[in-house]
Every structure is written in structure tokens, then in C-alpha cells.
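coords38.cif (mmCIF, C-alpha atoms) appears below.
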```
data_data
#
loop_
_atom_site.group_PDB
_atom_site.id
_atom_site.type_symbol
_atom_site.label_atom_id
_atom_site.label_comp_id
_atom_site.auth_asym_id
_atom_site.auth_seq_id
_atom_site.Cartn_x
_atom_site.Cartn_y
_atom_site.Cartn_z
ATOM 1 C CA MET A 11 90.128 104.762 115.115
ATOM 2 C CA PHE A 12 88.976 107.398 117.524
ATOM 3 C CA LYS A 13 85.651 109.132 117.999
ATOM 4 C CA TYR A 14 85.036 112.812 117.408
ATOM 5 C CA THR A 15 83.934 113.703 120.926
ATOM 6 C CA LYS A 16 84.613 116.477 123.383
ATOM 7 C CA THR A 17 86.755 114.064 125.403
ATOM 8 C CA THR A 18 88.939 113.336 122.358
ATOM 9 C CA LEU A 19 89.283 117.063 121.744
ATOM 10 C CA GLN A 20 90.342 117.593 125.364
ATOM 11 C CA LYS A 21 92.944 114.816 125.072
ATOM 12 C CA ILE A 22 94.376 116.426 121.942
ATOM 13 C CA GLU A 23 94.431 119.796 123.688
ATOM 14 C CA THR A 24 96.368 118.085 126.509
ATOM 15 C CA ILE A 25 98.969 116.973 123.961
ATOM 16 C CA PHE A 26 99.386 120.612 122.935
ATOM 17 C CA GLU A 27 99.634 121.722 126.563
ATOM 18 C CA GLU A 28 102.363 119.175 127.223
ATOM 19 C CA LEU A 29 104.186 120.452 124.130
ATOM 20 C CA ASP A 30 103.994 123.955 125.678
ATOM 21 C CA TYR A 31 101.482 125.181 123.096
ATOM 22 C CA LYS A 32 98.386 127.135 123.910
ATOM 23 C CA VAL A 33 95.274 126.392 121.888
ATOM 24 C CA ARG A 34 92.904 129.296 121.443
ATOM 25 C CA TYR A 35 89.589 129.390 119.616
ATOM 26 C CA GLU A 36 88.974 132.760 118.006
ATOM 27 C CA ARG A 37 87.456 134.499 115.024
ATOM 28 C CA GLY A 38 89.646 135.094 112.062
ATOM 29 C CA SER A 39 90.000 134.736 108.342
ATOM 30 C CA PHE A 40 92.132 131.615 108.378
ATOM 31 C CA LYS A 41 92.091 129.938 104.989
ATOM 32 C CA SER A 42 93.194 126.642 106.542
ATOM 33 C CA GLY A 43 91.037 127.023 109.654
ATOM 34 C CA TYR A 44 93.961 127.772 111.926
ATOM 35 C CA CYS A 45 96.986 129.967 112.467
ATOM 36 C CA LEU A 46 100.238 129.280 114.302
ATOM 37 C CA VAL A 47 101.663 132.387 115.954
ATOM 38 C CA GLU A 48 105.387 132.432 115.257
ATOM 39 C CA ASN A 49 107.785 132.206 118.199
ATOM 40 C CA ARG A 50 104.934 132.153 120.726
ATOM 41 C CA ASN A 51 103.735 128.524 120.677
ATOM 42 C CA ILE A 52 100.120 129.486 120.147
ATOM 43 C CA ALA A 53 97.699 127.674 117.847
ATOM 44 C CA VAL A 54 94.643 129.756 116.992
ATOM 45 C CA VAL A 55 91.724 127.726 115.647
ATOM 46 C CA ASN A 56 88.555 129.053 114.031
ATOM 47 C CA LYS A 57 86.041 129.244 116.881
ATOM 48 C CA PHE A 58 83.120 128.490 114.568
ATOM 49 C CA PHE A 59 84.360 124.961 113.868
ATOM 50 C CA ASP A 60 82.423 122.128 115.446
ATOM 51 C CA ILE A 61 84.189 119.452 117.502
ATOM 52 C CA GLU A 62 85.078 117.349 114.448
ATOM 53 C CA GLY A 63 86.532 120.378 112.662
ATOM 54 C CA ARG A 64 88.554 121.384 115.719
ATOM 55 C CA ILE A 65 89.938 117.851 116.118
ATOM 56 C CA ASN A 66 90.870 117.623 112.440
ATOM 57 C CA VAL A 67 92.628 120.999 112.508
ATOM 58 C CA LEU A 68 94.590 120.160 115.658
ATOM 59 C CA LEU A 69 95.609 116.805 114.174
ATOM 60 C CA GLU A 70 96.727 118.552 111.003
ATOM 61 C CA ILE A 71 98.888 120.893 113.083
ATOM 62 C CA LEU A 72 100.332 117.939 115.014
ATOM 63 C CA THR A 73 101.308 116.128 111.829
ATOM 64 C CA ASP A 74 102.986 119.288 110.521
ATOM 65 C CA PHE A 75 105.303 119.521 113.535
ATOM 66 C CA GLU A 76 108.750 118.338 112.484
ATOM 67 C CA ALA A 77 110.002 116.765 115.703
ATOM 68 C CA ILE A 78 107.914 116.121 118.768
ATOM 69 C CA ASP A 79 109.690 115.475 122.041
ATOM 70 C CA GLU A 80 107.659 112.654 123.546
ATOM 71 C CA THR A 81 109.701 112.674 126.766
ATOM 72 C CA GLY A 82 107.620 115.574 128.082
ATOM 73 C CA PHE A 83 104.379 113.614 127.819
ATOM 74 C CA THR A 84 102.739 111.940 130.758
ATOM 75 C CA GLU A 85 102.279 108.195 130.337
ATOM 76 C CA LYS A 86 98.561 108.583 129.573
ATOM 77 C CA THR A 87 99.141 111.343 127.011
ATOM 78 C CA LEU A 88 101.949 109.407 125.330
ATOM 79 C CA GLU A 89 99.703 106.372 124.943
ATOM 80 C CA PHE A 90 96.939 108.493 123.374
ATOM 81 C CA TYR A 91 99.432 110.340 121.142
ATOM 82 C CA LYS A 92 100.851 107.065 119.784
ATOM 83 C CA LYS A 93 97.337 105.733 119.165
ATOM 84 C CA ILE A 94 96.406 108.846 117.207
ATOM 85 C CA MET A 95 99.616 108.853 115.164
ATOM 86 C CA LYS A 96 99.131 105.180 114.315
ATOM 87 C CA THR A 97 95.570 105.900 113.179
ATOM 88 C CA LEU A 98 96.736 108.850 111.073
ATOM 89 C CA ASP A 99 99.463 106.728 109.472
ATOM 90 C CA LYS A 100 96.896 104.085 108.495
ATOM 91 C CA LYS A 101 94.580 106.749 107.119
ATOM 92 C CA GLU A 102 97.411 108.321 105.109
ATOM 93 C CA LYS A 103 98.424 104.948 103.655
ATOM 94 C CA GLU A 104 94.830 104.261 102.610
ATOM 95 C CA GLU A 105 94.587 107.686 100.971
ATOM 96 C CA ASN A 106 97.863 107.073 99.134
ATOM 97 C CA LYS A 107 96.551 103.725 97.857
ATOM 98 C CA GLU A 108 93.433 105.449 96.539
ATOM 99 C CA GLU A 109 95.536 108.118 94.810
ATOM 100 C CA VAL A 110 97.658 105.447 93.128
ATOM 101 C CA LYS A 111 94.520 103.600 91.973
ATOM 102 C CA GLU A 112 93.113 106.817 90.498
ATOM 103 C CA GLU A 113 96.411 107.568 88.743
ATOM 104 C CA VAL A 114 96.492 104.068 87.239
ATOM 105 C CA LYS A 115 92.897 104.461 86.027
ATOM 106 C CA ALA A 116 93.715 107.860 84.508
ATOM 107 C CA GLU A 117 96.772 106.468 82.720
ATOM 108 C CA ALA A 118 94.732 103.534 81.402
ATOM 109 C CA SER A 119 92.073 105.927 80.104
ATOM 110 C CA GLU A 120 94.708 108.063 78.386
ATOM 111 C CA GLU A 121 96.177 104.968 76.733
ATOM 112 C CA GLU A 122 92.722 103.895 75.517
ATOM 113 C CA VAL A 123 92.074 107.347 74.039
ATOM 114 C CA ALA A 124 95.457 107.349 72.297
ATOM 115 C CA GLU A 125 94.829 103.830 70.954
ATOM 116 C CA THR A 126 91.365 104.795 69.700
ATOM 117 C CA LYS A 127 92.765 107.850 67.901
ATOM 118 C CA LYS A 128 95.478 105.709 66.365
ATOM 119 C CA GLU A 129 92.870 103.211 65.108
ATOM 120 C CA GLU A 130 90.698 106.022 63.704
ATOM 121 C CA THR A 131 93.691 107.522 61.890
ATOM 122 C CA THR A 132 94.617 104.118 60.446
ATOM 123 C CA GLU A 133 91.037 103.461 59.267
ATOM 124 C CA SER A 134 90.666 106.838 57.567
ATOM 125 C CA GLU A 135 93.814 106.283 55.479
#
```
Kindly transcribe the structure held in the file into C-alpha cells.
Amino acid sequence: MFKYTKTTLQKIETIFEELDYKVRYERGSFKSGYCLVENRNIAVVNKFFDIEGRINVLLEILTDFEAIDETGFTEKTLEFYKKIMKTLDKKEKEENKEEVKEEVKAEASEEEVAETKKEETTESE
């Protein structure tokens, strides 16, 4: 896991720099908190976000990139990038497990309701 600090934010911004993206913090009515300017490699992030919000938005953008060329990274940046991606993978797996658990609970509840209705119908006949 990583900490939500200014240093972490700067390291993530370095990843963007090495991917030839500029990160700008500006006002705007972004529903998702950010905007990617087409064909210009610019990520515009809501300037009113705190450090945690900025980090989360930049990580979301990173995970949305289809193919990242890691050969352009410095050794230090590559190490940090791999650490972050590993952390995000773990987090995603945990979230998926929780979703599956919730789905199983919902299905079980639906089955109980259907069984109860069936019993009520049988008793009233």
C-alpha cells in the first residue's frame, strides 16, 4: 500500500511526465473529476481536489490507459509504477470478492423470499 502524500502525488505526476502527458489542475465541471484532452496528451484534474482526490483520479486515468510503454520510464519510476499497479490489482481483486459475496447474499435472499411465498401459497390452499 502507499500513502496519500504530496511525495506520492509527485511520483505519480512523474509517471505521467515520462509518458509524455502533462498534468494540469484547473477549474471545470468534470463529472469524473478529470478530463483527458484528445490528441494532446493532457490530463486536466479538478484543482479543488485534495491530495488524496488528485492521487485517486490520476491512478484512475493510469488504469484506463490501454498500453503503457514501460521502456520510457527511469528505473526509479518503473519500480514505483510496478508497486502501484500491484497495489491496485490487489485492491481490485478484493473489491471483486466483495461484489461476489454481495451477489451470493442477494441470490440467497431472493431464494428465501421465493420459498416463503411458496410455503404461504401451499398453506392457504
Checklist line | the PyMOL selection byres ((chain A and resi 36) around 12) applied to the shown file, residues as a PyMOL selection string | finding: chain A and resi 33-35+37-40+43-45+52-59+64
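The coordinates place atom CA of Ala77 of chain A at 26.8 Å from atom CA of Thr15 of chain A.
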Next item on the list: Return the single residue from A:Lys41, A:Glu70, A:Lys32, A:Ile61 that is closest to Thr17 of chain A, with distances computed using all atoms listed in the file.
Entry: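 Among the listed residues, A:Ile61 lies closest to Thr17 of chain A.
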Margin query: Between atom CA of Asp60 of chain A and atom CA of Asp99 of chain A, what distance in Å does the model show, to one decimal?
Written below: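 Pair atom CA of Asp60 of chain A / atom CA of Asp99 of chain A returns 23.7 Å.
Between atom CA of Arg50 of chain A and atom CA of Lys93 of chain A the separation is 27.5 Å.
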Checklist line | For Thr87 of chain A: contacts at 8 Å, only C-alpha atoms, fewer than 5 positions along chain excluded, given as JSON, numbers by chain | finding: {"A": [21, 24, 25]}
Would you compute an axis-aligned box for segment 68-82 of chain A, covering every atom listed for it in the file with 6 Å of margin on each side, and report centre and edge lengths in Å to one decimal as JSON?
```
{"center_x": 102.3, "center_y": 116.8, "center_z": 119.3, "size_x": 27.4, "size_y": 20.2, "size_z": 29.6}
```
Evaluate the PyMOL selection byres ((chain A and resi 75) around 12) on the structure here and hand back the selected residues as a PDB file with C-alpha atoms, keeping the file's coordinate frame.
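File written: expr-v4.pdb
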```
ATOM      1  CA  PHE A  26      99.386 120.612 122.935  1.00  0.00           C
ATOM      2  CA  LEU A  29     104.186 120.452 124.130  1.00  0.00           C
ATOM      3  CA  TYR A  31     101.482 125.181 123.096  1.00  0.00           C
ATOM      4  CA  LEU A  46     100.238 129.280 114.302  1.00  0.00           C
ATOM      5  CA  ASN A  51     103.735 128.524 120.677  1.00  0.00           C
ATOM      6  CA  ALA A  53      97.699 127.674 117.847  1.00  0.00           C
ATOM      7  CA  LEU A  68      94.590 120.160 115.658  1.00  0.00           C
ATOM      8  CA  LEU A  69      95.609 116.805 114.174  1.00  0.00           C
ATOM      9  CA  GLU A  70      96.727 118.552 111.003  1.00  0.00           C
ATOM     10  CA  ILE A  71      98.888 120.893 113.083  1.00  0.00           C
ATOM     11  CA  LEU A  72     100.332 117.939 115.014  1.00  0.00           C
ATOM     12  CA  THR A  73     101.308 116.128 111.829  1.00  0.00           C
ATOM     13  CA  ASP A  74     102.986 119.288 110.521  1.00  0.00           C
ATOM     14  CA  GLU A  76     108.750 118.338 112.484  1.00  0.00           C
ATOM     15  CA  ALA A  77     110.002 116.765 115.703  1.00  0.00           C
ATOM     16  CA  ILE A  78     107.914 116.121 118.768  1.00  0.00           C
ATOM     17  CA  ASP A  79     109.690 115.475 122.041  1.00  0.00           C
TER      18      ASP A  79
END
```
Counting only C-alpha atoms, what is within 10 Å of Ile94 of chain A, bar same-chain residues fewer than 6 positions away, as an mmCIF file with C-alpha atoms, in the coordinates of the input?
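Result written to result_10.cif:
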```cif
data_model
loop_
_atom_site.group_PDB
_atom_site.id
_atom_site.type_symbol
_atom_site.label_atom_id
_atom_site.label_comp_id
_atom_site.auth_asym_id
_atom_site.auth_seq_id
_atom_site.Cartn_x
_atom_site.Cartn_y
_atom_site.Cartn_z
ATOM 1 C CA MET A 11 90.128 104.762 115.115
ATOM 2 C CA PHE A 12 88.976 107.398 117.524
ATOM 3 C CA ILE A 22 94.376 116.426 121.942
ATOM 4 C CA LEU A 69 95.609 116.805 114.174
ATOM 5 C CA LEU A 88 101.949 109.407 125.330
ATOM 6 C CA LYS A 100 96.896 104.085 108.495
#
```
